[in-house]
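Asker: File query.cif below, mmCIF, C-alpha atoms:
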data_input
#
loop_
_atom_site.label_atom_id
_atom_site.label_comp_id
_atom_site.auth_asym_id
_atom_site.auth_seq_id
_atom_site.Cartn_x
_atom_site.Cartn_y
_atom_site.Cartn_z
CA MET A 1 0.00 0.00 0.00
CA SER A 2 1.25 3.48 -0.89
CA ASP A 3 2.25 5.53 2.11
CA THR A 4 -0.02 8.41 1.12
CA LEU A 5 -3.25 8.80 -0.81
CA VAL A 6 -2.53 10.31 -4.20
CA GLY A 7 -4.29 13.45 -5.45
CA THR A 8 -5.83 14.38 -2.10
CA GLU A 9 -6.12 17.76 -0.44
CA PHE A 10 -4.25 16.63 2.69
CA ALA A 11 -1.36 14.22 3.02
CA PHE A 12 -2.62 11.02 4.67
CA SER A 13 0.07 8.55 5.62
CA ASN A 14 -0.11 5.01 6.89
CA GLN A 15 1.02 6.37 10.24
CA ASP A 16 -1.92 8.79 10.32
CA PHE A 17 -4.34 5.99 9.48
CA ASP A 18 -2.86 3.69 12.12
CA ARG A 19 -3.08 6.40 14.79
CA ILE A 20 -6.74 6.98 13.92
CA ARG A 21 -7.49 3.26 14.05
CA THR A 22 -5.76 2.94 17.40
CA LEU A 23 -7.63 5.89 18.93
CA LEU A 24 -10.99 4.61 17.70
CA ARG A 25 -10.28 1.05 18.83
CA GLN A 26 -9.17 2.13 22.30
CA HIS A 27 -12.20 4.30 22.98
CA THR A 28 -15.05 2.61 21.10
CA GLY A 29 -13.95 -0.97 20.35
CA ILE A 30 -14.48 -0.40 16.62
CA SER A 31 -11.79 -2.03 14.48
CA LEU A 32 -11.29 -0.41 11.09
CA SER A 33 -9.93 -2.56 8.27
CA ASP A 34 -7.46 -1.39 5.63
CA ALA A 35 -10.42 -1.16 3.24
CA LYS A 36 -11.78 1.78 5.27
CA ARG A 37 -8.78 4.02 4.56
CA SER A 38 -10.45 6.15 1.88
CA MET A 39 -13.61 6.44 3.96
CA VAL A 40 -11.60 7.62 6.97
CA TYR A 41 -9.82 10.20 4.85
CA SER A 42 -12.98 11.64 3.30
CA ARG A 43 -14.83 11.90 6.61
CA LEU A 44 -11.99 13.37 8.64
CA ALA A 45 -10.85 15.74 5.89
CA ARG A 46 -14.09 17.62 6.60
CA ARG A 47 -13.03 17.98 10.22
CA LEU A 48 -9.60 19.28 9.21
CA ARG A 49 -11.31 21.99 7.14
CA ALA A 50 -13.75 22.78 9.94
CA THR A 51 -11.00 23.10 12.55
CA GLY A 52 -8.51 24.88 10.27
CA ARG A 53 -5.89 22.14 10.57
CA SER A 54 -3.46 21.79 7.67
CA SER A 55 -2.51 18.15 8.27
CA PHE A 56 -3.80 14.98 9.87
CA SER A 57 -0.87 14.91 12.27
CA ALA A 58 -1.74 18.42 13.52
CA TYR A 59 -5.40 17.44 13.87
CA LEU A 60 -4.57 14.29 15.81
CA GLU A 61 -2.11 16.09 18.06
CA GLY A 62 -4.93 18.35 19.22
CA LEU A 63 -7.40 15.52 19.68
CA ARG A 64 -8.11 14.53 23.26
CA ALA A 65 -10.86 12.31 24.63
CA GLY A 66 -13.40 14.50 26.39
CA ALA A 67 -12.59 17.60 24.34
CA PRO A 68 -15.37 19.02 22.12
CA GLU A 69 -13.68 17.84 18.91
CA TRP A 70 -13.51 14.27 20.19
CA GLU A 71 -17.26 13.88 19.77
CA TYR A 72 -17.05 15.08 16.16
CA PHE A 73 -14.17 12.66 15.53
CA VAL A 74 -16.13 9.65 16.78
CA ASN A 75 -19.35 10.70 15.05
CA ALA A 76 -17.54 11.13 11.73
CA LEU A 77 -16.21 7.57 11.82
CA THR A 78 -19.38 5.85 12.98
CA THR A 79 -21.25 4.04 10.23
CA ASN A 80 -25.00 4.72 10.41
CA LEU A 81 -26.67 2.83 7.57
CA THR A 82 -30.23 2.05 8.62
CA TYR A 83 -33.80 2.06 7.36
CA PHE A 84 -37.28 1.05 8.46
CA TYR A 85 -37.90 -2.70 8.64
CA ARG A 86 -34.28 -3.55 7.96
CA GLU A 87 -33.87 -7.36 8.11
CA SER A 88 -37.64 -7.58 8.14
CA HIS A 89 -37.81 -11.24 9.21
CA HIS A 90 -36.99 -10.15 12.78
CA PHE A 91 -40.15 -8.18 13.43
CA PRO A 92 -42.82 -10.93 13.24
CA ILE A 93 -40.59 -12.93 15.61
CA LEU A 94 -40.43 -9.97 17.99
CA ALA A 95 -44.20 -9.42 17.81
CA ALA A 96 -44.95 -13.04 18.74
CA HIS A 97 -42.31 -12.92 21.49
CA LEU A 98 -43.76 -9.75 23.04
CA LYS A 99 -47.29 -11.18 23.12
CA ARG A 100 -46.04 -14.36 24.74
CA ARG A 101 -43.94 -12.50 27.33
CA ALA A 102 -46.83 -10.16 28.14
CA ALA A 103 -49.06 -13.14 28.91
CA GLU A 104 -46.36 -14.49 31.23
CA ASN A 105 -45.70 -11.10 32.90
CA ASN A 106 -49.28 -10.48 34.05
CA GLY A 107 -49.39 -7.05 32.42
CA GLN A 108 -46.01 -5.83 33.65
CA PRO A 109 -44.32 -3.61 31.03
CA LEU A 110 -41.83 -5.33 28.76
CA GLN A 111 -38.45 -3.79 28.06
CA VAL A 112 -36.68 -3.77 24.69
CA TRP A 113 -33.21 -2.34 24.12
CA CYS A 114 -32.28 -1.01 20.68
CA ALA A 115 -28.52 -0.90 21.18
CA ALA A 116 -27.48 0.75 17.89
CA ALA A 117 -30.33 3.14 17.21
CA SER A 118 -28.57 5.33 14.64
CA SER A 119 -31.06 7.86 13.19
CA GLY A 120 -34.06 6.15 14.76
CA GLU A 121 -35.58 4.01 12.02
CA GLU A 122 -34.98 0.78 13.93
CA ALA A 123 -36.32 2.12 17.23
CA TRP A 124 -39.49 3.44 15.61
CA THR A 125 -39.93 0.14 13.74
CA LEU A 126 -39.79 -1.60 17.13
CA ALA A 127 -42.44 0.77 18.46
CA ILE A 128 -44.68 0.15 15.44
CA THR A 129 -44.20 -3.60 15.85
CA ALA A 130 -45.25 -3.39 19.50
CA ALA A 131 -48.31 -1.29 18.67
CA GLU A 132 -49.32 -3.69 15.91
CA ALA A 133 -48.76 -6.76 18.11
CA PHE A 134 -51.13 -5.46 20.79
CA SER A 135 -53.47 -3.54 18.45
CA SER A 136 -52.91 -0.53 20.66
CA LEU A 137 -51.10 2.79 20.66
CA ALA A 138 -50.28 2.09 24.31
CA PRO A 139 -48.83 -1.44 24.34
CA PRO A 140 -47.16 -2.72 27.53
CA VAL A 141 -43.72 -2.16 26.01
CA ARG A 142 -40.96 0.35 26.70
CA ILE A 143 -38.06 0.79 24.30
CA LEU A 144 -34.65 2.17 25.20
CA ALA A 145 -32.74 3.32 22.10
CA THR A 146 -29.02 4.05 22.43
CA ASP A 147 -26.14 4.88 20.13
CA LEU A 148 -22.56 6.04 20.34
CA ASP A 149 -23.17 8.87 17.85
CA THR A 150 -24.83 11.90 19.43
CA GLN A 151 -25.63 13.54 16.08
CA VAL A 152 -27.74 10.67 14.78
CA LEU A 153 -29.46 10.39 18.16
CA SER A 154 -30.58 13.98 17.74
CA VAL A 155 -32.17 13.02 14.40
CA ALA A 156 -33.75 9.95 16.01
CA ARG A 157 -35.34 12.02 18.77
CA GLN A 158 -36.93 14.33 16.23
CA GLY A 159 -38.68 11.34 14.66
CA ALA A 160 -39.29 13.11 11.34
CA TYR A 161 -38.65 11.41 8.00
CA ARG A 162 -39.08 12.09 4.30
CA SER A 163 -41.55 10.02 2.29
CA ASP A 164 -38.70 8.19 0.53
CA GLN A 165 -37.36 7.11 3.92
CA LEU A 166 -40.77 5.58 4.69
CA VAL A 167 -41.00 3.58 1.47
CA ARG A 168 -40.59 0.26 3.33
CA VAL A 169 -43.36 1.10 5.80
CA PRO A 170 -46.79 -0.14 4.63
CA ASP A 171 -49.07 2.73 3.62
CA GLU A 172 -51.62 1.93 6.31
CA GLN A 173 -48.88 2.10 8.96
CA VAL A 174 -47.67 5.43 7.65
CA ARG A 175 -51.22 6.76 8.01
CA ARG A 176 -51.62 5.21 11.46
CA TYR A 177 -48.29 6.11 13.05
CA PHE A 178 -47.05 9.26 11.28
CA ARG A 179 -48.42 12.75 10.76
CA PRO A 180 -47.52 15.18 7.94
CA GLN A 181 -45.67 18.14 9.41
CA GLY A 182 -44.69 20.22 6.41
CA ASP A 183 -41.57 20.44 4.24
CA GLY A 184 -42.28 16.95 2.97
CA LEU A 185 -41.66 15.39 6.40
CA TYR A 186 -43.74 12.92 8.36
CA GLY A 187 -43.43 12.92 12.15
CA VAL A 188 -43.95 10.00 14.52
CA ARG A 189 -47.22 10.52 16.36
CA PRO A 190 -47.04 11.39 20.09
CA GLU A 191 -48.41 8.07 21.36
CA LEU A 192 -45.56 6.22 19.64
CA ARG A 193 -43.00 8.70 20.94
CA ALA A 194 -44.12 7.89 24.47
CA LEU A 195 -42.87 4.32 24.02
CA VAL A 196 -39.26 5.23 23.19
CA SER A 197 -36.50 6.98 25.12
CA PHE A 198 -33.13 7.84 23.57
CA ARG A 199 -29.78 7.89 25.33
CA GLN A 200 -26.11 8.04 24.35
CA GLN A 201 -24.24 4.85 25.20
CA ASN A 202 -20.83 3.48 24.27
CA LEU A 203 -20.94 -0.31 24.51
CA LEU A 204 -17.34 -0.23 25.78
CA ASP A 205 -18.14 2.04 28.72
CA PRO A 206 -17.38 0.30 32.03
CA VAL A 207 -20.88 1.18 33.26
CA TRP A 208 -23.97 0.96 31.07
CA ARG A 209 -26.93 3.28 31.61
CA VAL A 210 -29.20 0.34 30.87
CA ARG A 211 -31.17 -1.63 33.43
CA GLY A 212 -32.76 -5.03 33.16
CA PRO A 213 -34.61 -7.19 32.95
CA LEU A 214 -34.63 -6.86 29.17
CA ASP A 215 -37.12 -8.99 27.27
CA ALA A 216 -35.44 -8.39 23.92
CA VAL A 217 -32.26 -6.75 22.67
CA PHE A 218 -31.64 -5.56 19.13
CA CYS A 219 -27.90 -5.22 18.58
CA ARG A 220 -27.63 -5.49 14.83
CA ASN A 221 -24.71 -4.69 12.55
CA VAL A 222 -22.56 -3.10 15.23
CA LEU A 223 -20.75 -6.04 16.85
CA ILE A 224 -19.25 -6.89 13.47
CA TYR A 225 -16.97 -3.86 13.90
CA PHE A 226 -15.50 -5.27 17.14
CA ASP A 227 -12.82 -7.92 17.45
CA ARG A 228 -13.91 -11.32 18.75
CA PRO A 229 -12.96 -10.85 22.44
CA THR A 230 -14.82 -7.53 22.52
CA GLN A 231 -17.87 -9.08 20.84
CA LEU A 232 -18.02 -11.86 23.41
CA ASN A 233 -17.56 -9.43 26.30
CA VAL A 234 -20.44 -7.25 25.09
CA ILE A 235 -22.66 -10.31 24.63
CA GLU A 236 -21.80 -11.51 28.14
CA ARG A 237 -22.77 -8.13 29.59
CA MET A 238 -26.04 -8.12 27.66
CA ALA A 239 -26.79 -11.60 28.90
CA SER A 240 -26.48 -10.38 32.51
CA LEU A 241 -29.45 -8.05 31.86
CA MET A 242 -31.64 -10.69 30.21
CA PRO A 243 -33.69 -13.40 31.91
CA PRO A 244 -34.02 -16.86 30.39
CA GLY A 245 -36.13 -16.79 27.25
CA ALA A 246 -35.29 -13.19 26.31
CA LEU A 247 -34.28 -12.77 22.68
CA LEU A 248 -31.14 -11.25 21.18
CA PHE A 249 -31.41 -10.07 17.57
CA VAL A 250 -28.15 -9.57 15.65
CA GLY A 251 -27.18 -8.63 12.10
CA HIS A 252 -27.08 -10.98 9.14
CA SER A 253 -23.25 -11.03 9.15
CA GLU A 254 -22.94 -11.73 12.87
CA SER A 255 -22.74 -15.21 14.34
CA PHE A 256 -22.07 -16.09 17.97
CA SER A 257 -22.71 -19.81 18.24
CA GLN A 258 -19.05 -20.37 19.04
CA GLY A 259 -17.29 -18.97 22.10
CA GLN A 260 -20.32 -18.10 24.21
CA HIS A 261 -22.71 -20.19 26.30
CA LYS A 262 -25.40 -17.70 27.31
CA PHE A 263 -27.47 -17.86 24.13
CA GLN A 264 -28.86 -20.55 21.88
CA LEU A 265 -29.57 -19.97 18.21
CA GLN A 266 -33.32 -19.96 17.55
CA GLY A 267 -33.34 -19.18 13.85
CA ARG A 268 -31.86 -16.75 11.43
CA THR A 269 -29.76 -14.34 13.56
CA VAL A 270 -32.06 -14.70 16.58
CA TYR A 271 -30.73 -16.07 19.88
CA ALA A 272 -32.54 -16.97 23.09
CA ARG A 273 -31.07 -16.44 26.53
CA VAL A 274 -30.58 -19.79 28.25
CA ARG A 275 -30.34 -20.55 31.95
CA ASP A 276 -26.85 -20.34 33.45
#
For the file at hand, write its structure as structure tokens.

Answerer:
Amino acid sequence: MSDTLVGTEFAFSNQDFDRIRTLLRQHTGISLSDAKRSMVYSRLARRLRATGRSSFSAYLEGLRAGAPEWEYFVNALTTNLTYFYRESHHFPILAAHLKRRAAENNGQPLQVWCAAASSGEEAWTLAITAAEAFSSLAPPVRILATDLDTQVLSVARQGAYRSDQLVRVPDEQVRRYFRPQGDGLYGVRPELRALVSFRQQNLLDPVWRVRGPLDAVFCRNVLIYFDRPTQLNVIERMASLMPPGALLFVGHSESFSQGQHKFQLQGRTVYARVRD
């Protein structure tokens, strides 16, 4: 690999890339592959322009965890691809699971954790699924939606989406759960908003602002960015918040049948918490 990217505005050496990877890995657990080099350059070049830095080395020298720029650094490198009803086979499974757990819980509210909420499409899909499962705008379900990226969480809280972002949502659900609010946007209706709370959370933090018992956890397409020991550690911590029978939903590229003993595969990328 060439030491620098050719034809770019800023010099970007292998050393710069390795320093960025190390910083991100140490503080978030995310492991960037060599294939992400161009992506890292394009996203952080914007931050160099914004901060007036003339080189990556100067930018990184001024970067300190806890400083205002640190948040921009992490947000810039966080991948946030999401859409409504992504990996749609999960949601009928969740609906049946929630109805079954509600019958067992004698009306006690169920708790679902959306652990990589991004811009909110997944969290609101969970809320719609709960409302549909119980034929009610006030189902016995509470959803905690977290993400590392504070910028996308701000979008998620707003709960407003363009019509093209709602293309995967059935028309009758758009009419039932969204309201036109001008400028071509549709906002989540207040009853649905009451089901979801948003919070910033780094899965590598020593203390999680998440409390059990959790009846279901959606942690999809985020663990794939961690190395194997980190993946298993996060899964172990999630398991400690989940009673037997709770479900863990992961992404289509994520498999955890080997190396852990807390969950048993139930079907396509769905795991059930087993007794210790």

Asker: Show me, as a PDB file with C-alpha atoms, in the coordinates of the input, the residues that have an atom within 12 Å of A:Leu48 when counting all atoms listed in the file, minus same-chain residues fewer than 5 positions from it.

Answerer:
ATOM      1  CA  GLU A   9      -6.120  17.760  -0.440  1.00  0.00           C
ATOM      2  CA  PHE A  10      -4.250  16.630   2.690  1.00  0.00           C
ATOM      3  CA  ALA A  11      -1.360  14.220   3.020  1.00  0.00           C
ATOM      4  CA  PHE A  12      -2.620  11.020   4.670  1.00  0.00           C
ATOM      5  CA  TYR A  41      -9.820  10.200   4.850  1.00  0.00           C
ATOM      6  CA  SER A  42     -12.980  11.640   3.300  1.00  0.00           C
ATOM      7  CA  ARG A  43     -14.830  11.900   6.610  1.00  0.00           C
ATOM      8  CA  ARG A  53      -5.890  22.140  10.570  1.00  0.00           C
ATOM      9  CA  SER A  54      -3.460  21.790   7.670  1.00  0.00           C
ATOM     10  CA  SER A  55      -2.510  18.150   8.270  1.00  0.00           C
ATOM     11  CA  PHE A  56      -3.800  14.980   9.870  1.00  0.00           C
ATOM     12  CA  SER A  57      -0.870  14.910  12.270  1.00  0.00           C
ATOM     13  CA  ALA A  58      -1.740  18.420  13.520  1.00  0.00           C
ATOM     14  CA  TYR A  59      -5.400  17.440  13.870  1.00  0.00           C
ATOM     15  CA  LEU A  60      -4.570  14.290  15.810  1.00  0.00           C
ATOM     16  CA  GLY A  62      -4.930  18.350  19.220  1.00  0.00           C
ATOM     17  CA  LEU A  63      -7.400  15.520  19.680  1.00  0.00           C
ATOM     18  CA  GLU A  69     -13.680  17.840  18.910  1.00  0.00           C
ATOM     19  CA  TYR A  72     -17.050  15.080  16.160  1.00  0.00           C
ATOM     20  CA  PHE A  73     -14.170  12.660  15.530  1.00  0.00           C
ATOM     21  CA  ALA A  76     -17.540  11.130  11.730  1.00  0.00           C
TER      22      ALA A  76
END

Asker: In Å, with one decimal, what is the gap from atom CA of A:Asp215 to atom CA of A:Tyr177?

Answerer: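 Interatomic distance here is 23.6 Å.
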
Asker: One number please: atom CA of A:Val174 to atom CA of A:Phe218, in Å, one decimal.

Answerer: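 Taking atom CA of A:Val174 as the start and atom CA of A:Phe218 as the end point, the length is 22.6 Å.
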
Asker: On this structure, the PyMOL selection byres ((chain A and resi 20) around 12) would catch which residues? List them as a PDB file with C-alpha atoms, in the coordinates of the input, sorted by chain and number.

Answerer:
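Result file follows (expr_36.pdb):
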ATOM      1  CA  PHE A  12      -2.620  11.020   4.670  1.00  0.00           C
ATOM      2  CA  SER A  13       0.070   8.550   5.620  1.00  0.00           C
ATOM      3  CA  ASN A  14      -0.110   5.010   6.890  1.00  0.00           C
ATOM      4  CA  GLN A  15       1.020   6.370  10.240  1.00  0.00           C
ATOM      5  CA  ASP A  16      -1.920   8.790  10.320  1.00  0.00           C
ATOM      6  CA  PHE A  17      -4.340   5.990   9.480  1.00  0.00           C
ATOM      7  CA  ASP A  18      -2.860   3.690  12.120  1.00  0.00           C
ATOM      8  CA  ARG A  19      -3.080   6.400  14.790  1.00  0.00           C
ATOM      9  CA  ARG A  21      -7.490   3.260  14.050  1.00  0.00           C
ATOM     10  CA  THR A  22      -5.760   2.940  17.400  1.00  0.00           C
ATOM     11  CA  LEU A  23      -7.630   5.890  18.930  1.00  0.00           C
ATOM     12  CA  LEU A  24     -10.990   4.610  17.700  1.00  0.00           C
ATOM     13  CA  ARG A  25     -10.280   1.050  18.830  1.00  0.00           C
ATOM     14  CA  GLN A  26      -9.170   2.130  22.300  1.00  0.00           C
ATOM     15  CA  HIS A  27     -12.200   4.300  22.980  1.00  0.00           C
ATOM     16  CA  THR A  28     -15.050   2.610  21.100  1.00  0.00           C
ATOM     17  CA  ILE A  30     -14.480  -0.400  16.620  1.00  0.00           C
ATOM     18  CA  SER A  31     -11.790  -2.030  14.480  1.00  0.00           C
ATOM     19  CA  LEU A  32     -11.290  -0.410  11.090  1.00  0.00           C
ATOM     20  CA  SER A  33      -9.930  -2.560   8.270  1.00  0.00           C
ATOM     21  CA  ASP A  34      -7.460  -1.390   5.630  1.00  0.00           C
ATOM     22  CA  LYS A  36     -11.780   1.780   5.270  1.00  0.00           C
ATOM     23  CA  ARG A  37      -8.780   4.020   4.560  1.00  0.00           C
ATOM     24  CA  VAL A  40     -11.600   7.620   6.970  1.00  0.00           C
ATOM     25  CA  TYR A  41      -9.820  10.200   4.850  1.00  0.00           C
ATOM     26  CA  ARG A  43     -14.830  11.900   6.610  1.00  0.00           C
ATOM     27  CA  LEU A  44     -11.990  13.370   8.640  1.00  0.00           C
ATOM     28  CA  PHE A  56      -3.800  14.980   9.870  1.00  0.00           C
ATOM     29  CA  SER A  57      -0.870  14.910  12.270  1.00  0.00           C
ATOM     30  CA  TYR A  59      -5.400  17.440  13.870  1.00  0.00           C
ATOM     31  CA  LEU A  60      -4.570  14.290  15.810  1.00  0.00           C
ATOM     32  CA  GLU A  61      -2.110  16.090  18.060  1.00  0.00           C
ATOM     33  CA  LEU A  63      -7.400  15.520  19.680  1.00  0.00           C
ATOM     34  CA  TRP A  70     -13.510  14.270  20.190  1.00  0.00           C
ATOM     35  CA  PHE A  73     -14.170  12.660  15.530  1.00  0.00           C
ATOM     36  CA  VAL A  74     -16.130   9.650  16.780  1.00  0.00           C
ATOM     37  CA  ALA A  76     -17.540  11.130  11.730  1.00  0.00           C
ATOM     38  CA  LEU A  77     -16.210   7.570  11.820  1.00  0.00           C
TER      39      LEU A  77
END

Asker: Just the number, please: distance in Å from atom CA of A:Gln181 to atom CA of A:Trp113, one decimal.

Answerer: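 Answer for the atom CA of A:Gln181 to atom CA of A:Trp113 separation: 28.1 Å.
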
Asker: What's the 9 Å shell around stretch 230-247 of chain A, counting only C-alpha atoms, without same-chain residues fewer than 3 positions away, as a PDB file with C-alpha atoms, in the frame of the given file?

Answerer:
ATOM      1  CA  GLY A  29     -13.950  -0.970  20.350  1.00  0.00           C
ATOM      2  CA  LEU A  94     -40.430  -9.970  17.990  1.00  0.00           C
ATOM      3  CA  HIS A  97     -42.310 -12.920  21.490  1.00  0.00           C
ATOM      4  CA  ARG A 101     -43.940 -12.500  27.330  1.00  0.00           C
ATOM      5  CA  LEU A 203     -20.940  -0.310  24.510  1.00  0.00           C
ATOM      6  CA  LEU A 204     -17.340  -0.230  25.780  1.00  0.00           C
ATOM      7  CA  VAL A 210     -29.200   0.340  30.870  1.00  0.00           C
ATOM      8  CA  ARG A 211     -31.170  -1.630  33.430  1.00  0.00           C
ATOM      9  CA  GLY A 212     -32.760  -5.030  33.160  1.00  0.00           C
ATOM     10  CA  PRO A 213     -34.610  -7.190  32.950  1.00  0.00           C
ATOM     11  CA  LEU A 214     -34.630  -6.860  29.170  1.00  0.00           C
ATOM     12  CA  ASP A 215     -37.120  -8.990  27.270  1.00  0.00           C
ATOM     13  CA  ALA A 216     -35.440  -8.390  23.920  1.00  0.00           C
ATOM     14  CA  VAL A 217     -32.260  -6.750  22.670  1.00  0.00           C
ATOM     15  CA  PHE A 218     -31.640  -5.560  19.130  1.00  0.00           C
ATOM     16  CA  LEU A 223     -20.750  -6.040  16.850  1.00  0.00           C
ATOM     17  CA  ILE A 224     -19.250  -6.890  13.470  1.00  0.00           C
ATOM     18  CA  TYR A 225     -16.970  -3.860  13.900  1.00  0.00           C
ATOM     19  CA  PHE A 226     -15.500  -5.270  17.140  1.00  0.00           C
ATOM     20  CA  ASP A 227     -12.820  -7.920  17.450  1.00  0.00           C
ATOM     21  CA  PHE A 256     -22.070 -16.090  17.970  1.00  0.00           C
ATOM     22  CA  GLY A 259     -17.290 -18.970  22.100  1.00  0.00           C
ATOM     23  CA  GLN A 260     -20.320 -18.100  24.210  1.00  0.00           C
ATOM     24  CA  HIS A 261     -22.710 -20.190  26.300  1.00  0.00           C
ATOM     25  CA  LYS A 262     -25.400 -17.700  27.310  1.00  0.00           C
ATOM     26  CA  PHE A 263     -27.470 -17.860  24.130  1.00  0.00           C
ATOM     27  CA  GLN A 266     -33.320 -19.960  17.550  1.00  0.00           C
ATOM     28  CA  VAL A 270     -32.060 -14.700  16.580  1.00  0.00           C
ATOM     29  CA  TYR A 271     -30.730 -16.070  19.880  1.00  0.00           C
ATOM     30  CA  ALA A 272     -32.540 -16.970  23.090  1.00  0.00           C
ATOM     31  CA  ARG A 273     -31.070 -16.440  26.530  1.00  0.00           C
ATOM     32  CA  VAL A 274     -30.580 -19.790  28.250  1.00  0.00           C
ATOM     33  CA  ARG A 275     -30.340 -20.550  31.950  1.00  0.00           C
ATOM     34  CA  ASP A 276     -26.850 -20.340  33.450  1.00  0.00           C
TER      35      ASP A 276
END

Asker: Just so the selection is clear, what residues does the PyMOL selection byres ((chain A and resi 183) around 12) cover here, as JSON, numbers by chain?

Answerer: {"A": [160, 161, 162, 163, 180, 181, 182, 184, 185, 186, 187]}

Asker: Need the shell around A:Leu195: protein/DNA/RNA residues with any atom at most 9 Å away, counting all atoms listed in the file. Skip same-chain ones fewer than 4 positions apart. Format as a list in words?

Answerer: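 My list of contacting residues is Ala127, Ala138, Pro139, Pro140, Val141, Arg142, Ile143, Leu144 and Glu191 of chain A.
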
Asker: Evaluated on this file, the PyMOL selection byres ((chain A and resi 176) around 12) picks out some residues - which ones are they, written as a list of chain:residue names?

Answerer: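 Taken over the shown coordinates, the PyMOL selection byres ((chain A and resi 176) around 12) returns A:Ile128, A:Ala131, A:Glu132, A:Ser135, A:Ser136, A:Leu137, A:Val169, A:Pro170, A:Asp171, A:Glu172, A:Gln173, A:Val174, A:Arg175, A:Tyr177, A:Phe178, A:Arg179, A:Pro180, A:Tyr186, A:Gly187, A:Val188, A:Arg189, A:Pro190, A:Glu191, A:Leu192.
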
Asker: Using the partial input, fill out stretch 152-164 of chain A with N, CA and C atoms; write the result as a short mmCIF file (atom, residue, chain, number, x, y, z; two decimals), keeping the file's coordinate frame.

Answerer:
data_model
loop_
_atom_site.label_atom_id
_atom_site.label_comp_id
_atom_site.auth_asym_id
_atom_site.auth_seq_id
_atom_site.Cartn_x
_atom_site.Cartn_y
_atom_site.Cartn_z
N VAL A 152 -26.62 11.45 15.31
CA VAL A 152 -27.74 10.67 14.78
C VAL A 152 -28.82 10.49 15.84
N LEU A 153 -28.45 10.46 17.12
CA LEU A 153 -29.46 10.39 18.16
C LEU A 153 -30.36 11.62 18.16
N SER A 154 -29.78 12.77 17.83
CA SER A 154 -30.58 13.98 17.74
C SER A 154 -31.62 13.85 16.63
N VAL A 155 -31.23 13.27 15.50
CA VAL A 155 -32.17 13.02 14.40
C VAL A 155 -33.24 12.02 14.85
N ALA A 156 -32.81 10.98 15.55
CA ALA A 156 -33.75 9.95 16.01
C ALA A 156 -34.81 10.54 16.93
N ARG A 157 -34.39 11.40 17.84
CA ARG A 157 -35.34 12.02 18.77
C ARG A 157 -36.39 12.85 18.04
N GLN A 158 -35.99 13.50 16.98
CA GLN A 158 -36.93 14.33 16.23
C GLN A 158 -38.03 13.47 15.61
N GLY A 159 -37.68 12.25 15.20
CA GLY A 159 -38.68 11.34 14.66
C GLY A 159 -39.40 11.87 13.44
N ALA A 160 -38.68 12.55 12.55
CA ALA A 160 -39.29 13.11 11.34
C ALA A 160 -38.53 12.60 10.12
N TYR A 161 -39.27 12.08 9.14
CA TYR A 161 -38.65 11.41 8.00
C TYR A 161 -39.33 11.81 6.69
N ARG A 162 -38.55 11.82 5.63
CA ARG A 162 -39.08 12.09 4.30
C ARG A 162 -39.88 10.88 3.80
N SER A 163 -40.73 11.11 2.81
CA SER A 163 -41.55 10.02 2.29
C SER A 163 -40.69 8.90 1.70
N ASP A 164 -39.55 9.25 1.09
CA ASP A 164 -38.70 8.19 0.53
C ASP A 164 -38.06 7.34 1.61
#
